[in-house]
$ cat data.txt   # compact mmCIF, C-alpha atoms
# COMPACT_ATOMS: atom_id res chain seq x y z
CA MET N 1 -35.22 -54.69 146.07
CA GLY N 2 -31.67 -53.43 146.35
CA ALA N 3 -30.52 -56.65 147.98
CA LYS N 4 -26.94 -57.71 147.53
CA ALA N 5 -26.27 -60.54 145.13
CA TYR N 6 -26.59 -63.89 146.87
CA ARG N 7 -23.21 -65.40 147.63
CA GLY N 8 -24.13 -67.87 150.35
CA ASP N 9 -21.51 -66.59 152.81
CA GLU N 10 -23.61 -64.26 154.97
CA THR N 11 -26.13 -66.44 156.76
CA THR N 12 -27.54 -65.38 160.16
CA GLY N 13 -28.29 -68.90 161.36
CA PHE N 14 -26.27 -71.76 160.10
CA GLN N 15 -23.29 -71.36 157.85
CA SER N 16 -24.10 -72.51 154.35
CA PRO N 17 -22.22 -75.62 153.30
CA ALA N 18 -22.52 -74.31 149.71
CA GLN N 19 -20.77 -71.00 150.35
CA ASP N 20 -17.63 -72.02 148.51
CA HIS N 21 -19.59 -73.52 145.66
CA VAL N 22 -22.01 -70.81 144.56
CA GLU N 23 -21.66 -70.30 140.84
CA ALA N 24 -22.53 -67.35 138.64
CA VAL N 25 -25.72 -67.39 136.59
CA PRO N 26 -24.93 -68.80 133.11
CA ASP N 27 -23.68 -65.96 130.93
CA LEU N 28 -25.35 -66.41 127.55
CA ALA N 29 -23.38 -63.51 126.04
CA GLU N 30 -20.25 -65.49 126.85
CA LEU N 31 -21.66 -68.75 125.53
CA LEU N 32 -22.81 -67.13 122.30
CA GLU N 33 -19.58 -65.08 122.04
CA LEU N 34 -21.61 -61.90 121.64
CA ARG N 35 -18.70 -59.69 122.69
CA ARG N 36 -16.61 -60.71 119.69
CA PRO N 37 -16.68 -58.07 116.95
CA GLN N 38 -17.74 -60.54 114.24
CA ARG N 39 -20.86 -61.61 116.13
CA TYR N 40 -24.14 -59.83 115.50
CA ALA N 41 -27.57 -60.63 116.94
CA VAL N 42 -30.36 -60.36 114.37
CA ARG N 43 -34.11 -60.87 114.73
CA VAL N 44 -35.90 -63.09 112.21
CA LYS N 45 -39.00 -61.73 110.53
CA GLY N 46 -40.97 -64.30 108.56
CA ASP N 47 -41.22 -68.08 108.45
CA GLY N 48 -39.46 -68.66 105.13
CA LEU N 49 -36.84 -70.97 106.63
CA ARG N 50 -39.09 -72.90 109.00
CA LYS N 51 -37.96 -76.08 107.24
CA ARG N 52 -34.52 -75.35 108.70
CA GLY N 53 -35.98 -74.79 112.15
CA ILE N 54 -35.80 -71.01 112.00
CA HIS N 55 -39.01 -69.34 113.13
CA SER N 56 -40.28 -65.78 112.96
CA GLY N 57 -39.19 -63.97 116.12
CA ASP N 58 -36.07 -66.06 116.67
CA ILE N 59 -32.80 -64.30 117.39
CA LEU N 60 -29.96 -65.48 115.21
CA VAL N 61 -26.37 -64.94 116.22
CA VAL N 62 -24.46 -64.50 113.00
CA ASN N 63 -20.76 -64.39 112.21
CA THR N 64 -19.47 -61.95 109.59
CA ASP N 65 -16.17 -63.82 109.63
CA GLY N 66 -17.75 -67.27 109.24
CA GLU N 67 -16.50 -69.61 106.57
CA PRO N 68 -19.01 -70.02 103.73
CA GLN N 69 -20.12 -73.65 103.62
CA SER N 70 -22.47 -75.27 101.19
CA GLY N 71 -25.82 -76.12 102.80
CA LYS N 72 -25.48 -73.59 105.61
CA VAL N 73 -27.86 -70.72 106.24
CA CYS N 74 -26.59 -67.18 105.84
CA VAL N 75 -27.81 -63.62 106.01
CA ALA N 76 -27.57 -62.20 102.51
CA PHE N 77 -28.30 -59.06 100.56
CA VAL N 78 -30.30 -59.93 97.44
CA HIS N 79 -31.38 -57.10 95.13
CA GLY N 80 -31.61 -54.63 97.99
CA ASP N 81 -33.37 -57.01 100.39
CA VAL N 82 -31.88 -58.43 103.58
CA VAL N 83 -32.83 -62.11 103.57
CA LEU N 84 -31.99 -65.47 105.05
CA ALA N 85 -30.78 -67.88 102.40
CA ILE N 86 -29.26 -71.30 102.08
CA LEU N 87 -25.81 -71.08 100.59
CA THR N 88 -25.07 -73.85 98.09
CA GLU N 89 -22.22 -74.76 95.85
CA LYS N 90 -23.03 -76.40 92.52
CA ASP N 91 -20.31 -77.28 90.02
CA GLY N 92 -17.88 -74.82 91.59
CA GLU N 93 -20.37 -71.96 91.58
CA TRP N 94 -21.98 -70.46 94.66
CA TRP N 95 -25.71 -69.85 94.84
CA LEU N 96 -28.11 -68.33 97.32
CA GLU N 97 -31.47 -69.95 97.89
CA PRO N 98 -33.67 -67.40 99.65
CA SER N 99 -37.18 -68.47 100.56
CA ASN N 100 -38.83 -65.59 98.73
CA TYR N 101 -36.79 -65.62 95.50
CA ALA N 102 -35.63 -68.13 92.95
CA PRO N 103 -32.05 -69.33 93.55
CA GLN N 104 -29.61 -66.51 92.81
CA PRO N 105 -26.04 -66.81 91.59
CA ILE N 106 -23.68 -64.72 93.71
CA THR N 107 -23.00 -61.60 91.66
CA GLU N 108 -22.56 -57.88 92.20
CA ASP N 109 -26.22 -57.64 93.14
CA THR N 110 -25.93 -60.13 95.99
CA GLU N 111 -23.73 -60.42 99.04
CA VAL N 112 -23.24 -63.02 101.74
CA TRP N 113 -23.35 -60.77 104.81
CA ALA N 114 -22.79 -63.34 107.57
CA MET N 115 -23.08 -67.04 108.33
CA ILE N 116 -25.52 -68.24 111.00
CA ALA N 117 -23.70 -69.35 114.13
CA ALA N 118 -26.41 -69.87 116.78
CA LEU N 119 -30.12 -69.49 117.41
CA VAL N 120 -31.95 -68.14 120.46
CA ARG N 121 -35.68 -68.69 120.94
CA THR N 122 -37.33 -66.94 123.86
CA ASP N 123 -40.95 -67.96 123.34
CA VAL N 124 -40.90 -71.75 123.25
CA MET S 1 5.86 -45.00 113.45
CA PHE S 2 2.11 -44.34 113.78
CA GLY S 3 -0.95 -45.24 111.82
CA LEU S 4 -4.23 -43.35 111.75
CA ILE S 5 -7.20 -45.36 110.56
CA ASP S 6 -10.61 -43.84 110.08
CA GLY S 7 -13.97 -44.93 108.76
CA ASN S 8 -14.99 -43.40 105.45
CA ASN S 9 -18.13 -41.30 105.95
CA PHE S 10 -18.45 -43.28 109.16
CA ASP S 11 -22.09 -42.73 110.14
CA VAL S 12 -23.27 -43.35 106.58
CA SER S 13 -21.13 -46.49 106.39
CA CYS S 14 -22.72 -47.77 109.63
CA GLU S 15 -26.18 -47.27 108.13
CA ARG S 16 -25.11 -48.93 104.88
CA ALA S 17 -23.70 -51.93 106.71
CA PHE S 18 -27.26 -53.03 107.45
CA ASP S 19 -29.21 -51.50 104.60
CA PRO S 20 -28.23 -52.42 101.04
CA THR S 21 -30.76 -49.95 99.60
CA LEU S 22 -28.45 -47.11 100.69
CA ARG S 23 -25.53 -48.28 98.57
CA GLY S 24 -24.50 -46.20 95.60
CA LYS S 25 -27.01 -43.49 96.57
CA PRO S 26 -26.54 -40.02 98.02
CA VAL S 27 -27.06 -40.43 101.77
CA VAL S 28 -26.66 -37.98 104.64
CA VAL S 29 -26.85 -38.62 108.36
CA LEU S 30 -28.29 -35.71 110.35
CA SER S 31 -27.26 -34.31 113.72
CA ASN S 32 -29.47 -34.45 116.81
CA ASN S 33 -33.03 -33.34 116.07
CA ASP S 34 -32.25 -33.66 112.34
CA GLY S 35 -30.57 -30.26 112.24
CA CYS S 36 -27.51 -30.54 110.02
CA ALA S 37 -25.86 -33.05 107.71
CA ILE S 38 -22.96 -34.46 109.75
CA ALA S 39 -22.00 -37.40 107.53
CA ARG S 40 -22.26 -37.55 103.77
CA SER S 41 -21.78 -40.40 101.37
CA ALA S 42 -19.42 -39.82 98.44
CA GLU S 43 -22.48 -39.38 96.21
CA ALA S 44 -23.90 -36.74 98.57
CA LYS S 45 -20.58 -34.88 98.62
CA ALA S 46 -20.53 -34.98 94.82
CA LEU S 47 -23.91 -33.16 94.80
CA GLY S 48 -22.30 -30.33 96.72
CA ILE S 49 -23.76 -31.04 100.16
CA LYS S 50 -21.46 -29.41 102.71
CA MET S 51 -20.44 -30.64 106.12
CA GLY S 52 -22.94 -29.11 108.53
CA GLU S 53 -25.39 -28.24 105.76
CA VAL S 54 -28.58 -27.04 107.48
CA TRP S 55 -30.96 -29.71 106.34
CA HIS S 56 -34.37 -28.08 106.79
CA LEU S 57 -33.18 -25.26 104.52
CA SER S 58 -31.46 -27.48 101.97
CA LYS S 59 -33.70 -30.50 101.64
CA ARG S 60 -36.13 -28.74 99.30
CA LYS S 61 -33.46 -27.79 96.80
CA PRO S 62 -34.26 -29.62 93.57
CA GLU S 63 -30.71 -30.92 93.19
CA PHE S 64 -31.01 -32.70 96.56
CA ARG S 65 -34.41 -34.30 95.90
CA ASN S 66 -33.00 -37.83 95.66
CA VAL S 67 -30.86 -37.56 98.78
CA ILE S 68 -31.74 -40.04 101.52
CA ALA S 69 -31.53 -38.41 104.95
CA LYS S 70 -31.22 -40.57 108.07
CA SER S 71 -31.62 -39.46 111.66
CA SER S 72 -28.51 -40.24 113.66
CA ASN S 73 -28.40 -43.52 115.56
CA TYR S 74 -25.58 -43.15 118.05
CA ALA S 75 -26.25 -46.49 119.71
CA LEU S 76 -25.44 -48.10 116.36
CA TYR S 77 -22.40 -45.93 115.61
CA GLY S 78 -20.99 -46.57 119.08
CA ASP S 79 -21.39 -50.32 118.67
CA MET S 80 -19.75 -50.29 115.24
CA SER S 81 -16.89 -48.19 116.62
CA ARG S 82 -16.39 -50.85 119.31
CA ARG S 83 -16.22 -53.56 116.63
CA VAL S 84 -13.63 -51.62 114.64
CA PHE S 85 -11.59 -51.08 117.82
CA GLU S 86 -11.70 -54.76 118.70
CA VAL S 87 -10.65 -55.93 115.25
CA LEU S 88 -7.73 -53.47 115.38
CA SER S 89 -6.80 -54.66 118.87
CA GLU S 90 -6.35 -58.15 117.48
CA HIS S 91 -3.71 -56.81 115.08
CA PHE S 92 -1.87 -54.05 116.94
CA GLN S 93 -0.36 -53.89 120.39
CA ARG S 94 -1.68 -50.41 121.03
CA VAL S 95 -4.84 -48.87 119.63
CA GLU S 96 -5.83 -45.42 120.82
CA PRO S 97 -9.36 -44.24 119.98
CA TYR S 98 -9.10 -40.61 118.90
CA SER S 99 -12.75 -40.09 118.03
CA ILE S 100 -15.72 -42.33 117.26
CA ASP S 101 -14.29 -43.14 113.84
CA GLU S 102 -10.54 -42.53 114.15
CA MET S 103 -7.95 -44.65 115.95
CA CYS S 104 -4.21 -44.26 116.29
CA LEU S 105 -2.16 -47.41 115.80
CA ASP S 106 1.31 -48.22 117.06
CA LEU S 107 3.11 -49.50 113.96
CA THR S 108 6.57 -49.83 115.46
CA GLN S 109 6.91 -53.53 114.86
CA PHE S 110 5.13 -54.10 111.59
CA ALA S 111 5.83 -54.27 107.93
CA ARG S 112 3.65 -51.34 107.14
CA VAL S 113 1.61 -50.88 103.99
CA ASP S 114 0.80 -54.52 103.26
CA TYR S 115 -0.07 -55.25 106.87
CA CYS S 116 -2.33 -52.20 107.09
CA ARG S 117 -4.05 -53.21 103.87
CA ARG S 118 -4.79 -56.63 105.30
CA VAL S 119 -6.14 -55.16 108.54
CA ARG S 120 -8.28 -52.78 106.52
CA ASP S 121 -9.76 -55.77 104.69
CA ARG S 122 -10.46 -57.47 108.03
CA VAL S 123 -12.28 -54.39 109.36
CA ARG S 124 -14.32 -54.32 106.16
CA GLN S 125 -15.19 -58.02 106.48
CA ILE S 126 -16.03 -58.08 110.18
CA ALA S 127 -17.35 -54.59 110.97
CA LYS S 128 -18.51 -53.82 107.40
CA ILE S 129 -16.87 -50.40 107.55
CA PRO S 130 -14.67 -49.11 104.70
CA THR S 131 -11.60 -47.35 106.08
CA CYS S 132 -8.42 -45.55 105.10
CA VAL S 133 -5.05 -45.71 106.83
CA GLY S 134 -2.34 -43.06 106.99
CA ILE S 135 1.16 -43.88 108.15
CA GLY S 136 3.67 -41.37 109.48
CA PRO S 137 6.43 -40.76 112.02
CA THR S 138 4.07 -38.66 114.17
CA LYS S 139 0.33 -38.91 114.76
CA THR S 140 -0.14 -35.57 112.99
CA LEU S 141 1.71 -36.78 109.90
CA ALA S 142 -0.25 -40.04 110.02
CA LYS S 143 -3.44 -37.97 109.98
CA LEU S 144 -2.20 -36.03 106.96
CA ALA S 145 -1.28 -39.28 105.22
CA ASN S 146 -4.77 -40.56 106.00
CA LYS S 147 -6.25 -37.57 104.20
CA ARG S 148 -4.05 -38.49 101.24
CA ALA S 149 -5.25 -42.11 101.34
CA LYS S 150 -8.88 -41.07 100.76
CA GLY S 151 -9.97 -41.89 97.27
CA THR S 152 -7.02 -44.14 96.49
CA ASP S 153 -7.67 -47.75 95.54
CA ILE S 154 -5.52 -49.31 98.24
CA GLY S 155 -6.75 -46.92 100.93
CA VAL S 156 -3.34 -46.72 102.58
CA SER S 157 -0.87 -43.86 102.31
CA ASP S 158 2.63 -44.04 103.76
CA PHE S 159 4.39 -40.81 104.79
CA SER S 160 7.28 -42.52 106.56
CA ASP S 161 9.65 -41.47 103.80
CA LEU S 162 10.77 -37.83 103.75
CA GLU S 163 10.80 -37.56 99.96
CA THR S 164 7.21 -38.85 99.75
CA ARG S 165 6.17 -36.26 102.33
CA ARG S 166 7.88 -33.42 100.44
CA GLN S 167 6.11 -34.42 97.26
CA ALA S 168 2.73 -34.72 99.02
CA PHE S 169 3.10 -31.42 100.90
CA SER S 170 3.81 -29.58 97.66
CA GLU S 171 0.37 -30.67 96.46
CA MET S 172 -1.46 -29.83 99.70
CA PRO S 173 -2.76 -26.42 100.73
CA ILE S 174 -0.35 -26.12 103.69
$ encode --input "data.txt" --output "structure tokens"
Amino acid sequence: MGAKAYRGDETTGFQSPAQDHVEAVPDLAELLELRRPQRYAVRVKGDGLRKRGIHSGDILVVNTDGEPQSGKVCVAFVHGDVVLAILTEKDGEWWLEPSNYAPQPITEDTEVWAMIAALVRTDV
Amino acid sequence: MFGLIDGNNFDVSCERAFDPTLRGKPVVVLSNNDGCAIARSAEAKALGIKMGEVWHLSKRKPEFRNVIAKSSNYALYGDMSRRVFEVLSEHFQRVEPYSIDEMCLDLTQFARVDYCRRVRDRVRQIAKIPTCVGIGPTKTLAKLANKRAKGTDIGVSDFSDLETRRQAFSEMPI
């Protein structure tokens, strides 16, 4: 408790040969770019997109500035619900395929909120 | 030249960013311990709810029965304010937070109205917050211009021109 962070340069016996090579713990916030304003961490509730490898309890890192791409998963507003949906383009028109609704054309009642950028699972 | 950008009904807009059921409805955000209405959606303002309206006295009024009241969530509003600040910092050399929902911008080197409109669209896209921008030769005049921008379609009002200011002042209670 209260110990200084280990740096490898304050040994009482033998000098550590690693003292110039101690690295920081991997910074997942950096890797997932969580400090960028367009990145949001959201928790998944429900197994509707298990076929896409997204499980209930997963944390998705989503990008509100992500480019919409056909076949990619997004967070969407559909008739007042916040859902995960597969975004698809058919004959020049964009559709949302949520797991709990029939495919929805993108209209005033729907909104692509963010595109999925990364997934974090803490209970593997 | 300065810009003053602020979030429209900021706390309500933060709540709406994550909850589509709040859109188009009268919404108020309450102060600590749910005392007073401290942010009101346009629909709530239209019902006559005043800034600081004491909510435990007003919530039973029949005309307010459909108003959705949210307890304040400052962790959320602080985080959204950070996002707005960071988007602005990508577009302006100097951004000075003035309050949780207002930031002064240094506009010295920019083509003004069009650029501010584009930045406003970026803030809306990334931080999901609708904003207005006022432009003026001083921060005070930028703030006045911002007031003028509220309710306009483009959400930007430019007071850099003296004639425009004269015209606007004649219509303001000052």
$ atom_distance --input "data.txt" --atom1 "CA of Asp34 (chain S)" --atom2 "CA of Glu53 (chain S)"
10.9 Å
$ atom_distance --input "data.txt" --atom1 "CA of Glu90 (chain S)" --atom2 "CA of Val123 (chain S)"
10.7 Å
$ interface_residues --input "data.txt" --of "chain S" --to "chain N" --cutoff "8 Å" --atoms "only C-alpha atoms" --output "CSV table (one decimal) with C-alpha atoms, in the coordinates of the input"
chain,number,residue,atom,x,y,z
S,19,ASP,CA,-29.2,-51.5,104.6
S,20,PRO,CA,-28.2,-52.4,101.0
S,21,THR,CA,-30.8,-50.0,99.6
S,82,ARG,CA,-16.4,-50.8,119.3
S,83,ARG,CA,-16.2,-53.6,116.6
S,84,VAL,CA,-13.6,-51.6,114.6
S,86,GLU,CA,-11.7,-54.8,118.7
S,87,VAL,CA,-10.6,-55.9,115.2
S,125,GLN,CA,-15.2,-58.0,106.5
S,126,ILE,CA,-16.0,-58.1,110.2
S,127,ALA,CA,-17.4,-54.6,111.0
$ residues_around --input "data.txt" --residues "Ser31 (chain S)" --least-positions-apart "6" --cutoff "7 Å" --atoms "only C-alpha atoms" --output "list in words"
Ala37, Ile38 and Ser72 of chain S
$ residues_near_point --input "data.txt" --point "(-17.9, -51.1, 104.7)" --cutoff "10 Å" --atoms "only C-alpha atoms" --output "PyMOL selection string"
chain S and resi 7-10+12-18+120-121+123-131
$ residues_around --input "data.txt" --residues "Pro137 (chain S)" --least-positions-apart "5" --cutoff "9 Å" --atoms "all atoms listed in the file" --output "list in words"
Met1, Phe2, Gly3, Ala142, Phe159, Ser160 and Asp161 of chain S
$ write_last_selection --input "data.txt" --atoms "C-alpha atoms" --output "PDB file, in the frame of the given file"
ATOM      1  CA  MET S   1       5.860 -45.000 113.450  1.00  0.00           C
ATOM      2  CA  PHE S   2       2.110 -44.340 113.780  1.00  0.00           C
ATOM      3  CA  GLY S   3      -0.950 -45.240 111.820  1.00  0.00           C
ATOM      4  CA  ALA S 142      -0.250 -40.040 110.020  1.00  0.00           C
ATOM      5  CA  PHE S 159       4.390 -40.810 104.790  1.00  0.00           C
ATOM      6  CA  SER S 160       7.280 -42.520 106.560  1.00  0.00           C
ATOM      7  CA  ASP S 161       9.650 -41.470 103.800  1.00  0.00           C
TER       8      ASP S 161
END
$ atom_distance --input "data.txt" --atom1 "CA of Ala69 (chain S)" --atom2 "CA of Asn33 (chain S)"
12.3 Å
